[in-house]
>>> print(open('start-v8.cif').read())   # mmCIF, C-alpha atoms and all ligand atoms
data_input
#
loop_
_atom_site.label_atom_id
_atom_site.label_comp_id
_atom_site.auth_asym_id
_atom_site.auth_seq_id
_atom_site.Cartn_x
_atom_site.Cartn_y
_atom_site.Cartn_z
CA MET A 1219 99.38 29.02 107.94
CA ASN A 1220 102.21 30.82 109.68
CA LEU A 1221 103.59 34.09 108.38
CA HIS A 1222 106.87 35.90 108.71
CA GLU A 1223 107.00 38.93 110.99
CA TYR A 1224 107.24 41.35 108.06
CA GLN A 1225 104.16 39.82 106.40
CA GLY A 1226 102.21 39.88 109.64
CA LYS A 1227 103.08 43.55 110.08
CA GLU A 1228 101.88 44.31 106.54
CA ILE A 1229 98.52 42.76 107.35
CA LEU A 1230 98.29 44.69 110.62
CA SER A 1231 99.13 47.96 108.86
CA SER A 1232 96.54 47.32 106.19
CA PHE A 1233 93.91 47.43 108.94
CA GLY A 1234 95.28 50.57 110.53
CA VAL A 1235 97.30 49.01 113.36
CA ARG A 1236 100.37 51.14 114.01
CA THR A 1237 103.51 49.05 113.50
CA GLN A 1238 107.24 49.53 113.51
CA ARG A 1239 108.13 50.39 109.90
CA GLY A 1240 110.41 48.02 108.02
CA ILE A 1241 111.53 46.70 104.64
CA VAL A 1242 112.49 43.10 103.97
CA ALA A 1243 115.83 42.25 102.32
CA SER A 1244 117.53 39.12 101.00
CA THR A 1245 121.07 40.46 100.54
CA PRO A 1246 123.28 42.89 102.51
CA GLU A 1247 123.07 45.33 99.57
CA GLU A 1248 119.27 45.27 99.66
CA ALA A 1249 119.51 45.78 103.41
CA VAL A 1250 121.53 48.98 102.94
CA GLU A 1251 119.06 50.27 100.34
CA ALA A 1252 116.21 49.48 102.73
CA ALA A 1253 117.92 51.36 105.56
CA LYS A 1254 118.50 54.42 103.35
CA LYS A 1255 114.87 54.44 102.31
CA LEU A 1256 113.68 54.13 105.91
CA THR A 1257 115.91 57.01 106.97
CA GLU A 1258 114.33 59.17 104.25
CA GLU A 1259 110.88 58.27 105.47
CA THR A 1260 111.36 58.31 109.22
CA GLY A 1261 114.44 60.40 109.82
CA THR A 1262 116.05 57.82 112.07
CA GLY A 1263 119.58 56.65 111.29
CA TRP A 1264 119.41 53.66 113.63
CA HIS A 1265 117.90 50.40 112.50
CA VAL A 1266 117.20 46.95 113.89
CA ILE A 1267 118.11 43.97 111.75
CA LYS A 1268 115.70 41.11 112.37
CA ALA A 1269 116.04 37.55 111.10
CA GLN A 1270 112.85 36.35 109.38
CA ILE A 1271 112.14 32.73 110.29
CA HIS A 1272 108.98 30.96 111.43
CA ALA A 1273 110.05 30.74 115.07
CA GLY A 1274 110.06 33.08 118.01
CA GLY A 1275 112.80 33.80 120.52
CA ARG A 1276 114.98 35.26 117.76
CA GLY A 1277 116.31 37.96 120.04
CA LYS A 1278 117.68 35.36 122.44
CA GLY A 1279 119.36 33.47 119.58
CA GLY A 1280 121.16 36.51 118.18
CA GLY A 1281 118.71 37.12 115.35
CA VAL A 1282 117.77 40.70 116.35
CA LYS A 1283 120.55 43.30 116.34
CA LEU A 1284 120.78 47.07 116.44
CA ALA A 1285 122.77 48.90 113.73
CA LYS A 1286 123.87 52.49 114.37
CA ASN A 1287 124.96 53.28 110.79
CA LEU A 1288 124.90 51.90 107.24
CA ASP A 1289 128.20 50.01 107.64
CA GLU A 1290 126.70 48.14 110.58
CA VAL A 1291 123.48 47.50 108.63
CA LYS A 1292 125.62 45.85 105.98
CA SER A 1293 127.89 43.80 108.25
CA ILE A 1294 125.10 42.65 110.61
CA SER A 1295 122.84 41.67 107.68
CA ASP A 1296 125.76 39.81 106.18
CA ASP A 1297 126.20 37.88 109.46
CA ILE A 1298 122.53 37.06 109.97
CA LEU A 1299 121.61 36.17 106.36
CA GLY A 1300 122.49 32.54 105.70
CA MET A 1301 123.01 31.70 109.37
CA MET A 1302 121.37 28.71 111.04
CA LEU A 1303 119.51 30.57 113.77
CA ILE A 1304 118.98 28.56 116.93
CA THR A 1305 116.29 29.81 119.31
CA PRO A 1306 114.30 28.21 122.15
CA GLN A 1307 111.60 27.49 119.52
CA THR A 1308 113.73 25.87 116.77
CA SER A 1309 115.29 22.41 116.58
CA ALA A 1310 118.90 21.99 117.72
CA GLU A 1311 120.17 22.60 114.17
CA GLY A 1312 118.27 25.87 113.95
CA LYS A 1313 116.59 27.44 110.93
CA LEU A 1314 118.22 28.92 107.85
CA VAL A 1315 117.71 32.68 107.60
CA ASN A 1316 116.77 33.63 104.02
CA GLN A 1317 115.59 37.18 104.70
CA VAL A 1318 116.08 39.98 107.19
CA LEU A 1319 113.69 42.75 108.10
CA ILE A 1320 115.36 46.15 108.30
CA ALA A 1321 113.24 48.15 110.72
CA GLU A 1322 113.32 51.67 112.11
CA ASP A 1323 114.67 51.79 115.65
CA VAL A 1324 111.68 52.73 117.75
CA TYR A 1325 113.37 52.58 121.14
CA TYR A 1326 114.51 56.15 121.57
CA PRO A 1327 118.07 56.34 122.87
CA GLY A 1328 116.87 58.64 125.65
CA ASP A 1329 114.23 56.15 126.76
CA SER A 1330 115.73 54.55 129.84
CA GLU A 1331 112.74 52.31 130.42
CA PRO A 1332 110.76 51.50 127.32
CA ASN A 1333 107.34 50.11 128.11
CA GLU A 1334 106.95 46.68 126.53
CA PHE A 1335 103.50 45.05 126.69
CA TYR A 1336 102.30 41.66 125.56
CA MET A 1337 99.11 41.22 123.53
CA SER A 1338 97.57 38.33 121.66
CA VAL A 1339 94.22 37.60 120.06
CA LEU A 1340 93.00 34.04 119.71
CA LEU A 1341 89.95 31.83 119.86
CA ASN A 1342 88.89 30.37 123.19
CA ARG A 1343 87.41 27.07 122.05
CA ALA A 1344 85.91 26.38 125.48
CA THR A 1345 83.72 29.49 125.41
CA GLY A 1346 83.38 29.89 121.66
CA ARG A 1347 84.57 33.48 121.94
CA ASN A 1348 87.57 35.40 120.79
CA MET A 1349 89.97 36.33 123.52
CA ILE A 1350 92.48 39.11 123.97
CA MET A 1351 95.33 38.17 126.29
CA TYR A 1352 97.57 40.96 127.50
CA SER A 1353 100.17 41.82 130.07
CA THR A 1354 102.32 44.66 131.28
CA GLU A 1355 105.21 42.21 131.31
CA GLY A 1356 105.93 42.04 127.56
CA GLY A 1357 109.33 41.53 126.01
CA MET A 1358 111.36 38.43 125.58
CA ASP A 1359 110.28 36.37 128.61
CA ILE A 1360 106.50 36.04 128.44
CA GLU A 1361 106.76 32.26 128.92
CA ALA A 1362 108.43 32.83 132.30
CA VAL A 1363 105.74 35.37 133.25
CA ALA A 1364 103.02 32.83 132.43
CA GLU A 1365 104.84 30.23 134.51
CA GLU A 1366 105.85 32.25 137.56
CA THR A 1367 103.41 35.17 137.78
CA PRO A 1368 100.28 34.14 135.88
CA HIS A 1369 98.20 36.81 137.66
CA LEU A 1370 100.06 39.38 135.57
CA ILE A 1371 98.41 38.05 132.43
CA PHE A 1372 94.89 39.37 131.80
CA THR A 1373 92.27 38.08 129.43
CA GLU A 1374 89.30 39.82 127.85
CA GLU A 1375 86.68 37.70 126.15
CA VAL A 1376 84.96 39.17 123.13
CA ASP A 1377 81.57 38.05 121.89
CA PRO A 1378 82.00 37.58 118.14
CA GLY A 1379 78.44 38.85 117.66
CA THR A 1380 79.01 42.28 119.18
CA GLY A 1381 82.73 42.58 118.50
CA LEU A 1382 85.06 44.42 120.87
CA LEU A 1383 83.03 46.99 122.80
CA PRO A 1384 84.52 50.41 123.63
CA PHE A 1385 84.44 49.78 127.39
CA GLN A 1386 86.46 46.60 126.89
CA ALA A 1387 89.17 48.46 124.96
CA ARG A 1388 89.30 51.09 127.75
CA LYS A 1389 89.52 48.39 130.41
CA ILE A 1390 92.49 46.85 128.66
CA ALA A 1391 94.28 50.18 128.43
CA PHE A 1392 93.49 50.85 132.09
CA ASN A 1393 94.78 47.45 133.23
CA LEU A 1394 97.99 48.17 131.34
CA GLY A 1395 98.44 51.18 133.61
CA LEU A 1396 97.88 53.79 130.92
CA SER A 1397 96.21 57.17 131.14
CA GLY A 1398 95.83 60.35 129.07
CA GLY A 1399 97.15 60.25 125.51
CA ALA A 1400 98.70 56.80 125.90
CA MET A 1401 95.35 55.42 127.00
CA LYS A 1402 93.63 56.84 123.91
CA GLU A 1403 96.35 55.43 121.69
CA MET A 1404 96.01 51.99 123.28
CA VAL A 1405 92.23 52.01 122.81
CA LYS A 1406 92.80 52.76 119.12
CA PHE A 1407 95.51 50.11 118.89
CA VAL A 1408 93.56 47.26 120.45
CA THR A 1409 90.38 48.16 118.52
CA ALA A 1410 92.25 48.10 115.21
CA LEU A 1411 94.04 44.92 116.23
CA TYR A 1412 90.80 43.10 116.98
CA THR A 1413 89.26 44.25 113.69
CA ALA A 1414 92.37 43.06 111.84
CA TYR A 1415 92.12 39.65 113.53
CA VAL A 1416 88.51 39.17 112.50
CA LYS A 1417 88.75 40.62 108.99
CA SER A 1418 91.90 38.68 108.09
CA ASP A 1419 90.33 35.43 109.36
CA SER A 1420 93.36 34.78 111.52
CA ALA A 1421 93.75 31.95 113.99
CA LEU A 1422 96.32 33.73 116.14
CA PHE A 1423 97.88 37.16 116.58
CA GLU A 1424 100.71 37.50 119.05
CA ILE A 1425 102.27 40.92 119.39
CA ASN A 1426 105.21 40.89 121.75
CA PRO A 1427 106.28 43.52 122.40
CA VAL A 1428 103.64 46.17 121.94
CA LEU A 1429 105.71 49.27 122.64
CA LYS A 1430 104.73 52.50 124.36
CA THR A 1431 107.25 55.16 123.42
CA SER A 1432 108.10 58.08 125.69
CA ASP A 1433 105.94 60.31 123.48
CA ASP A 1434 102.97 57.98 124.05
CA LYS A 1435 102.81 56.23 120.73
CA ILE A 1436 101.62 52.61 120.87
CA LEU A 1437 102.97 50.30 118.19
CA ALA A 1438 103.56 46.66 117.26
CA VAL A 1439 107.28 45.90 117.30
CA ASP A 1440 106.87 42.19 116.59
CA ALA A 1441 104.04 40.24 114.94
CA LYS A 1442 103.33 36.57 114.93
CA VAL A 1443 100.35 35.93 112.67
CA THR A 1444 98.78 32.55 111.92
CA LEU A 1445 96.08 32.60 109.26
CA ASP A 1446 93.20 30.16 109.28
CA GLU A 1447 93.90 27.94 106.24
CA ASN A 1448 90.25 27.07 105.90
CA ALA A 1449 89.46 30.72 105.22
CA LEU A 1450 92.20 31.32 102.67
CA PHE A 1451 89.69 31.01 99.84
CA ARG A 1452 88.29 34.34 101.02
CA HIS A 1453 91.70 36.01 100.80
CA LYS A 1454 93.23 35.08 97.48
CA ASP A 1455 96.07 37.58 98.00
CA TYR A 1456 97.19 35.90 101.23
CA ALA A 1457 97.98 32.60 99.48
CA ALA A 1458 101.17 34.14 98.08
CA LEU A 1459 102.41 34.71 101.65
CA ARG A 1460 103.11 31.01 102.13
CA ASP A 1461 106.84 30.35 102.47
CA GLU A 1462 107.30 26.65 101.83
CA ARG A 1463 110.98 26.87 102.78
CA GLU A 1464 109.79 27.23 106.37
CA GLU A 1465 107.53 24.19 106.30
CA ASN A 1466 108.18 20.49 106.77
CA PRO A 1467 109.17 19.29 103.25
CA ILE A 1468 107.29 16.00 103.56
CA GLU A 1469 104.12 17.85 104.57
CA VAL A 1470 104.51 20.19 101.60
CA GLU A 1471 104.77 17.21 99.23
CA ALA A 1472 101.79 15.45 100.80
CA LYS A 1473 99.70 18.58 100.49
CA ALA A 1474 100.57 18.87 96.80
CA ALA A 1475 99.41 15.25 96.38
CA GLY A 1476 96.14 16.09 98.11
CA LEU A 1477 96.87 13.96 101.18
CA ASN A 1478 96.10 15.02 104.71
CA TYR A 1479 99.47 14.37 106.40
CA VAL A 1480 100.99 15.56 109.66
CA ASP A 1481 104.54 14.58 110.53
CA LEU A 1482 105.10 13.21 114.07
CA ASP A 1483 108.06 11.91 116.03
CA GLY A 1484 107.31 8.17 116.30
CA ASN A 1485 108.33 5.02 114.43
CA VAL A 1486 105.09 3.53 113.05
CA GLY A 1487 103.82 4.95 109.77
CA CYS A 1488 100.01 5.04 109.53
CA MET A 1489 97.88 4.94 106.42
CA VAL A 1490 94.25 5.35 107.33
CA ASN A 1491 91.03 6.60 105.73
CA GLY A 1492 89.03 9.07 107.73
CA ALA A 1493 90.32 11.44 110.40
CA GLY A 1494 88.47 9.71 113.26
CA LEU A 1495 89.83 6.30 112.41
CA ALA A 1496 93.28 7.85 112.01
CA MET A 1497 93.09 9.21 115.57
CA GLY A 1498 91.87 5.86 116.91
CA THR A 1499 94.69 4.09 115.08
CA MET A 1500 97.28 6.39 116.62
CA ASP A 1501 95.91 5.60 120.09
CA LEU A 1502 96.06 1.87 119.48
CA ILE A 1503 99.62 2.02 118.18
CA LYS A 1504 100.61 3.77 121.39
CA GLN A 1505 98.92 1.07 123.46
CA ALA A 1506 100.74 -1.63 121.53
CA GLY A 1507 104.08 -0.07 122.50
CA GLY A 1508 104.72 1.88 119.32
CA ASP A 1509 104.63 5.57 118.53
CA PRO A 1510 102.90 7.02 115.47
CA ALA A 1511 105.29 8.56 112.94
CA ASN A 1512 102.51 10.49 111.27
CA PHE A 1513 98.86 11.20 110.91
CA LEU A 1514 97.74 10.33 107.39
CA ASP A 1515 94.21 10.38 106.07
CA VAL A 1516 94.27 9.01 102.51
CA GLY A 1517 90.62 9.89 102.02
CA GLY A 1518 87.85 7.91 100.39
CA THR A 1519 89.53 6.90 97.14
CA ALA A 1520 92.32 4.61 98.33
CA ASP A 1521 93.27 3.36 94.85
CA ALA A 1522 96.69 1.97 93.85
CA LYS A 1523 98.04 5.36 92.73
CA ARG A 1524 97.05 7.07 95.95
CA VAL A 1525 98.26 4.22 98.15
CA GLU A 1526 101.60 4.27 96.33
CA THR A 1527 101.96 8.03 96.81
CA ALA A 1528 101.10 7.60 100.49
CA PHE A 1529 103.65 4.81 100.95
CA GLY A 1530 106.28 6.98 99.29
CA ILE A 1531 105.55 9.88 101.62
CA ILE A 1532 105.51 7.73 104.77
CA LEU A 1533 108.84 6.13 103.81
CA LYS A 1534 110.55 9.52 103.43
CA ASP A 1535 110.63 9.61 107.23
CA PRO A 1536 113.77 7.66 108.24
CA ASN A 1537 112.32 6.87 111.69
CA VAL A 1538 109.59 4.62 110.26
CA LYS A 1539 110.14 1.00 111.33
CA ALA A 1540 106.74 -0.44 110.33
CA ILE A 1541 103.63 0.71 108.47
CA LEU A 1542 100.10 0.03 109.59
CA VAL A 1543 97.44 0.27 106.90
CA ASN A 1544 94.05 0.54 108.56
CA ILE A 1545 91.22 1.12 106.14
CA PHE A 1546 87.51 0.85 106.51
CA GLY A 1547 85.72 -0.12 103.33
CA GLY A 1548 82.40 1.60 103.34
CA ILE A 1549 81.85 3.26 100.00
CA VAL A 1550 85.11 1.94 98.62
CA ARG A 1551 85.21 -1.87 98.69
CA CYS A 1552 88.00 -3.52 100.73
CA ASP A 1553 89.11 -5.80 97.91
CA ARG A 1554 89.72 -2.77 95.70
CA VAL A 1555 91.83 -1.18 98.40
CA ALA A 1556 93.66 -4.50 98.92
CA GLN A 1557 94.38 -4.62 95.20
CA GLY A 1558 95.66 -1.06 95.48
CA VAL A 1559 97.99 -2.00 98.32
CA VAL A 1560 99.30 -5.06 96.45
CA ASP A 1561 99.82 -3.10 93.21
CA ALA A 1562 101.55 -0.28 95.04
CA TYR A 1563 103.77 -2.78 96.83
CA LYS A 1564 104.70 -4.41 93.50
CA ASN A 1565 105.42 -1.08 91.82
CA MET A 1566 107.60 0.13 94.65
CA GLY A 1567 109.77 -3.00 94.69
CA ASP A 1568 112.56 -2.78 97.22
CA LYS A 1569 111.71 0.81 98.13
CA ILE A 1570 109.50 -0.77 100.81
CA ASN A 1571 112.02 -1.88 103.38
CA VAL A 1572 109.86 -2.14 106.50
CA PRO A 1573 107.11 -4.60 107.45
CA ILE A 1574 103.58 -3.69 106.44
CA ILE A 1575 100.60 -4.69 108.53
CA CYS A 1576 97.33 -4.34 106.67
CA ARG A 1577 93.90 -4.39 108.23
CA LEU A 1578 90.91 -3.93 105.98
CA GLN A 1579 87.45 -4.07 107.46
CA GLY A 1580 84.03 -3.50 105.98
CA THR A 1581 82.53 -4.43 102.61
CA ASN A 1582 84.28 -7.49 101.12
CA ALA A 1583 86.79 -7.70 103.99
CA LYS A 1584 87.15 -11.47 103.57
CA GLU A 1585 87.97 -11.17 99.85
CA ALA A 1586 90.47 -8.45 100.69
CA LYS A 1587 92.27 -10.59 103.26
CA ASP A 1588 92.45 -13.52 100.82
CA LEU A 1589 93.80 -11.24 98.15
CA ILE A 1590 96.59 -10.03 100.42
CA ASP A 1591 97.37 -13.47 101.85
CA ASN A 1592 97.63 -14.96 98.33
CA SER A 1593 99.56 -12.09 96.80
CA GLY A 1594 102.96 -13.53 97.63
CA MET A 1595 103.91 -10.12 99.07
CA GLU A 1596 105.32 -9.73 102.53
CA ILE A 1597 102.24 -8.03 103.88
CA ILE A 1598 100.92 -9.11 107.26
CA SER A 1599 97.13 -9.15 107.19
CA ALA A 1600 94.78 -8.65 110.10
CA THR A 1601 91.03 -8.41 110.52
CA GLU A 1602 90.49 -7.00 114.01
CA PHE A 1603 91.76 -3.62 115.13
CA GLN A 1604 93.46 -5.04 118.24
CA GLU A 1605 95.00 -7.87 116.25
CA ALA A 1606 96.54 -5.34 113.86
CA ALA A 1607 97.96 -3.30 116.72
CA ASP A 1608 99.40 -6.40 118.38
CA LYS A 1609 101.09 -7.37 115.13
CA VAL A 1610 102.65 -3.91 114.98
CA GLY A 1611 103.93 -4.46 118.53
CA GLU A 1612 105.42 -7.82 117.48
CA VAL A 1613 107.30 -6.53 114.45
CA LEU A 1614 108.71 -3.66 116.48
CA LYS A 1615 110.07 -6.09 119.06
CA ALA A 1616 111.51 -8.44 116.43
P1 LIG B 1701 111.65 37.71 119.13
O1 LIG B 1701 112.82 37.60 120.05
O2 LIG B 1701 111.66 36.66 118.07
O3 LIG B 1701 110.36 37.75 119.86
O4 LIG B 1701 111.81 39.09 118.32
P2 LIG B 1701 111.28 40.58 118.64
O5 LIG B 1701 110.86 41.19 117.36
O6 LIG B 1701 110.28 40.57 119.73
O7 LIG B 1701 112.59 41.31 119.12
C1 LIG B 1701 113.28 40.93 120.28
C2 LIG B 1701 113.61 42.14 121.12
O8 LIG B 1701 114.39 43.05 120.37
C3 LIG B 1701 112.40 42.94 121.57
O9 LIG B 1701 111.83 42.43 122.74
C4 LIG B 1701 112.99 44.30 121.77
O10 LIG B 1701 113.44 44.43 123.12
C5 LIG B 1701 114.19 44.35 120.85
N1 LIG B 1701 113.90 45.27 119.75
C6 LIG B 1701 113.01 45.09 118.76
N2 LIG B 1701 112.93 46.20 117.98
C7 LIG B 1701 113.79 47.09 118.50
C8 LIG B 1701 114.17 48.42 118.17
O11 LIG B 1701 113.66 49.06 117.23
N3 LIG B 1701 115.13 49.02 118.93
C9 LIG B 1701 115.71 48.39 119.97
N4 LIG B 1701 116.64 49.01 120.66
N5 LIG B 1701 115.35 47.15 120.35
C10 LIG B 1701 114.42 46.49 119.62
MN MN B 1702 108.81 39.04 120.12
#
>>> encode(input="start-v8.cif", output="structure tokens", more="lines below")
Ligand code: GDP
Ligand code: MN
Amino acid sequence: MNLHEYQGKEILSSFGVRTQRGIVASTPEEAVEAAKKLTEETGTGWHVIKAQIHAGGRGKGGGVKLAKNLDEVKSISDDILGMMLITPQTSAEGKLVNQVLIAEDVYYPGDSEPNEFYMSVLLNRATGRNMIMYSTEGGMDIEAVAEETPHLIFTEEVDPGTGLLPFQARKIAFNLGLSGGAMKEMVKFVTALYTAYVKSDSALFEINPVLKTSDDKILAVDAKVTLDENALFRHKDYAALRDEREENPIEVEAKAAGLNYVDLDGNVGCMVNGAGLAMGTMDLIKQAGGDPANFLDVGGTADAKRVETAFGIILKDPNVKAILVNIFGGIVRCDRVAQGVVDAYKNMGDKINVPIICRLQGTNAKEAKDLIDNSGMEIISATEFQEAADKVGEVLKA
């Protein structure tokens, strides 16, 4: 689950990671109040106004602006709120900005060369260890650094059993070229950051930039935090951080219906039971010249109600030109699933406007095929996996 920058920073702070202070606002008036409050707390009269969307590269798209006084806080917030922000990480239409973060300006005006580092914490699946990636070349172009000068990106692997050891934290600070007070601050920062990552059960932390001020403070100026959804049950308070406005609306609906659905770019809708079979089905569709429009695992109980919900969700995607139902009847008998498909088809009437290819295999497969063939519905039945994929290829060509 992805979080907004301001939420990520709240989590970091709660574990003692120093972060740029800020207050979130939904209107220009709230933005001004936030700025006044920050000035009382921090003494600074300058603020950055930062668009809160689930995408990076906001600075490049005009979603991060500096305000030198309250009038500018108001007018810049007014401009950014409600805009469709286009960044290298959004679609061409951009993303609607519902909130802005009003943050203290932490780049001192006298600082000619602020030191911006890059730091992320993530799981290295290959080694089964957590990994801290970091670079002296932080700021807005880390992708270019990774591409052109990959030797400037360091990694430190952390054994989850021992946690981050003090020498590792010192090595990181050293590789970032720090010494004296700044080195001590960085050791504290990275230690707290690693603890926060583990304790919050996060899947990814990306802090870019981590700033070193001229008076040797180290702080997180940006925060991209992805929580591990499978661990949310251990953090009841984090559930409220979900912002469904940022998520794919079809995926949100599928989730509410208890379906495991991932939206993809292709033209063949898939309704499958079991994640492994769903993956295999997607491969076969590709081979047959199609492109999967989604991953959908309907689960074990593919009854009429569930099949109907799944059809409805698949058909919300306007790119879908055919639907392949590929279900293995192990515990659930194929003829029951077939009845479900036929009933759902009947109930949905002309809402189903694309060909459906249905392959049911397993217990009572023969009865299932007969049921579909004799239903009078326009459902193309198949028994073999390859046969089903070929039929998908045919209807796409037709
Ligand atoms: P991103 O573009 O989505 O990654 O958003 P960031 O939060 O990283 O902000 C983009 C850039 O804005 C940063 O790389 C900084 O250079 C700049 N920035 C962020 N906070 C401040 C600030 O307090 N003062 C100034 N002057 N610049 C800032
Ligand atoms: Mn950033």
>>> residues_near_ligand(input="start-v8.cif", ligand="ligand LIG 1701 (chain B)", cutoff="9 Å", atoms="only C-alpha atoms and all ligand atoms", output="CSV table (one decimal) with C-alpha atoms, in the coordinates of the input")
chain,number,residue,atom,x,y,z
A,1223,GLU,CA,107.0,38.9,111.0
A,1238,GLN,CA,107.2,49.5,113.5
A,1264,TRP,CA,119.4,53.7,113.6
A,1265,HIS,CA,117.9,50.4,112.5
A,1266,VAL,CA,117.2,47.0,113.9
A,1267,ILE,CA,118.1,44.0,111.8
A,1268,LYS,CA,115.7,41.1,112.4
A,1269,ALA,CA,116.0,37.6,111.1
A,1270,GLN,CA,112.8,36.4,109.4
A,1271,ILE,CA,112.1,32.7,110.3
A,1273,ALA,CA,110.0,30.7,115.1
A,1274,GLY,CA,110.1,33.1,118.0
A,1275,GLY,CA,112.8,33.8,120.5
A,1276,ARG,CA,115.0,35.3,117.8
A,1277,GLY,CA,116.3,38.0,120.0
A,1278,LYS,CA,117.7,35.4,122.4
A,1279,GLY,CA,119.4,33.5,119.6
A,1280,GLY,CA,121.2,36.5,118.2
A,1281,GLY,CA,118.7,37.1,115.4
A,1282,VAL,CA,117.8,40.7,116.4
A,1283,LYS,CA,120.6,43.3,116.3
A,1284,LEU,CA,120.8,47.1,116.4
A,1305,THR,CA,116.3,29.8,119.3
A,1321,ALA,CA,113.2,48.2,110.7
A,1322,GLU,CA,113.3,51.7,112.1
A,1323,ASP,CA,114.7,51.8,115.6
A,1324,VAL,CA,111.7,52.7,117.8
A,1325,TYR,CA,113.4,52.6,121.1
A,1326,TYR,CA,114.5,56.2,121.6
A,1327,PRO,CA,118.1,56.3,122.9
A,1332,PRO,CA,110.8,51.5,127.3
A,1334,GLU,CA,107.0,46.7,126.5
A,1356,GLY,CA,105.9,42.0,127.6
A,1357,GLY,CA,109.3,41.5,126.0
A,1358,MET,CA,111.4,38.4,125.6
A,1359,ASP,CA,110.3,36.4,128.6
A,1425,ILE,CA,102.3,40.9,119.4
A,1426,ASN,CA,105.2,40.9,121.8
A,1427,PRO,CA,106.3,43.5,122.4
A,1428,VAL,CA,103.6,46.2,121.9
A,1429,LEU,CA,105.7,49.3,122.6
A,1439,VAL,CA,107.3,45.9,117.3
A,1440,ASP,CA,106.9,42.2,116.6
A,1441,ALA,CA,104.0,40.2,114.9
A,1442,LYS,CA,103.3,36.6,114.9
>>> atom_distance(input="start-v8.cif", atom1="atom CA of A:His1222", atom2="atom CA of A:Ala1364")
24.2 Å
>>> closest_residue(input="start-v8.cif", among="A:Met1404, A:Ala1606, A:Ala1506, A:Ala1438", to="ligand MN 1702 (chain B)", atoms="all atoms listed in the file")
A:Ala1438
>>> closest_residue(input="start-v8.cif", among="A:Val1538, A:Leu1319, A:Met1301, A:Ala1616", to="A:Ser1244", atoms="only C-alpha atoms")
A:Leu1319
>>> closest_residue(input="start-v8.cif", among="A:Met1489, A:Ile1371, A:Met1337, A:Ala1522", to="ligand MN 1702 (chain B)", atoms="all atoms listed in the file")
A:Met1337
>>> atom_distance(input="start-v8.cif", atom1="atom CA of A:Pro1573", atom2="atom CA of A:Ile1597")
6.9 Å
>>> residues_around(input="start-v8.cif", residues="A:Ile1545", least_positions_apart="4", cutoff="12 Å", atoms="all atoms listed in the file", output="MDAnalysis selection string")
chainID A and resid 1488:1496 1498:1499 1514:1521 1525 1549:1556 1558:1559 1575:1581 1583 1586 1599:1603 1606
>>> closest_residue(input="start-v8.cif", among="A:Tyr1412, A:Phe1407, A:Phe1372, A:Phe1423", to="ligand MN 1702 (chain B)", atoms="all atoms listed in the file")
A:Phe1423
>>> closest_residue(input="start-v8.cif", among="A:Ala1562, A:Glu1526, A:Ala1449, A:Val1610", to="A:Leu1502", atoms="only C-alpha atoms")
A:Val1610
>>> atom_distance(input="start-v8.cif", atom1="atom CA of A:Gln1225", atom2="atom CA of A:Ile1360")
22.5 Å
>>> residues_around(input="start-v8.cif", residues="A:Ala1511", least_positions_apart="6", cutoff="6 Å", atoms="only C-alpha atoms", output="JSON, numbers by chain")
{"A": [1482, 1483, 1484, 1485, 1486, 1487]}
>>> closest_residue(input="start-v8.cif", among="A:Asn1393, A:Asn1565, A:Thr1354, A:Thr1444", to="A:Lys1227", atoms="only C-alpha atoms")
A:Thr1444
>>> axis_aligned_box(input="start-v8.cif", around="stretch 1564-1575 of chain A", padding_each_side="5 Å", output="AutoDock Vina command-line options")
--center_x 106.6 --center_y -1.9 --center_z 100.2 --size_x 22.0 --size_y 15.5 --size_z 26.7
